[in-house]
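Visitor: Please read through the structure below; I'll follow up with questions.
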Amino acid sequence: MRQYPRWYYDEFKQSGIDYTNIDEVKTYDLRMQNLRDIKNESERIRELIKIKRSDVVLEIGTGTGELALNISAHCKQVIAIDVSKMMINFARSKAESQNKTNIQFYNAGFLTYENHDELFDVIVTQLALHHLPDYWKMIALRRIYGMLKEEGKFYLHDVVFPSSIQNYDSYFAKIITDLKKIYWR
């Protein structure tokens with residue numbers, strides 16, 4: 001794996017629930033299976049972006065692999081990545097138990113996945129991008145763009161926190177003006 005400078009955001013650093021613990025990973029997997037209808041979500045995504053049998057798909061933030069497992073039946077190959085090594089190992093075990101042979105699992109994320117092969121037909125990420133600080137979200141989106149084929153498709157489903165700001169132009173102009181007064185006197 002590539003060495004990154006100290007200032008580079010560490011997307012592997014855990015905060016909150018300890019997904020290095022197999023019991024937490026199993027609990028997460030059960031909770032998601034009860035909370036979400038992954039099979040229907042997968043079908044909706046597949047139809048929306050028209051995944052074909054010849055497509056190579058990258059899923060960023062695969063978690064315990066449910067989406068990758070479902071989509072793998074409808075494409076050539078899935079590359080599934082996650083920053084939690086325990087999640088990846090759990091997902092790999094699920095794939096092996098279901099005899100899914102066209103999924104490769106890697107411990108990596110938006111900022112660290114190194115694509116050495118051809119570009120992707122489809123990149124999918126759900127409920128993962130919000131874990132990155134804003135600046136690093138842009139870096140992640142640029143990296144995604146660079147990994148897509150010219151006619152490739154990107155599916156993003158995530159949370160956005162609401163804001164009561166009505167006039168963004170004047171709001172940010174005031175912040176910039178105030179910062180200039182403080183830092184560039």
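FYI, nothing fancy with the structure tokens labels: chains A, B, ... in order, residues from 1 per chain, ligands from 1 as they appear.
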Mind checking which residues fall within 12 Å of Pro133 (chain A), counting only C-alpha atoms, ignoring those fewer than 4 positions away in the same chain, and posting them as a ChimeraX atom specification?

Guide: /A:8-11,110-111,128-129,137-140

Visitor: Can you pull out every residue within 9 Å of Ile88 (chain A), counting only C-alpha atoms, but drop anything in the same chain fewer than 4 positions away, and send it as a PyMOL selection string?

Guide: chain A and resi 62-65+80-84+92-93+105-107

Visitor: From the options A:Asp23, A:Asp117, A:Ile49, A:Gln126, which residue's atoms come nearest to Leu67 (chain A), counting only C-alpha atoms?

Guide: A:Gln126

Visitor: In terms of the shortest atom-to-atom distance over only C-alpha atoms, which of A:Asp134, A:Glu114, A:Glu66, A:Asp55 is closest to Glu151 (chain A)?

Guide: A:Asp55

Visitor: Could you write out, as a ChimeraX atom specification, all the residues of region 118-153 of chain A that DSSP marks as alpha helix (DSSP H)?

Guide: /A:134-147

Visitor: Taking into account only C-alpha atoms, which residue in the set A:Glu59, A:Glu96, A:Asp169, A:Glu47 is nearest to Phe154 (chain A)?

Guide: A:Glu59

Visitor: Measuring atom to atom with only C-alpha atoms, identify which of A:Tyr145, A:Tyr171, A:Val56, A:Met87 is nearest to Ala108 (chain A).

Guide: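 Closest to Ala108 (chain A), using only C-alpha atoms: A:Met87.
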
Visitor: Here is a test: counting only C-alpha atoms, which residue of A:Ala68, A:Val78, A:Val159, A:Ile175 is nearest to Glu41 (chain A)?

Guide: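 Closest residue, counting only C-alpha atoms: A:Ala68.
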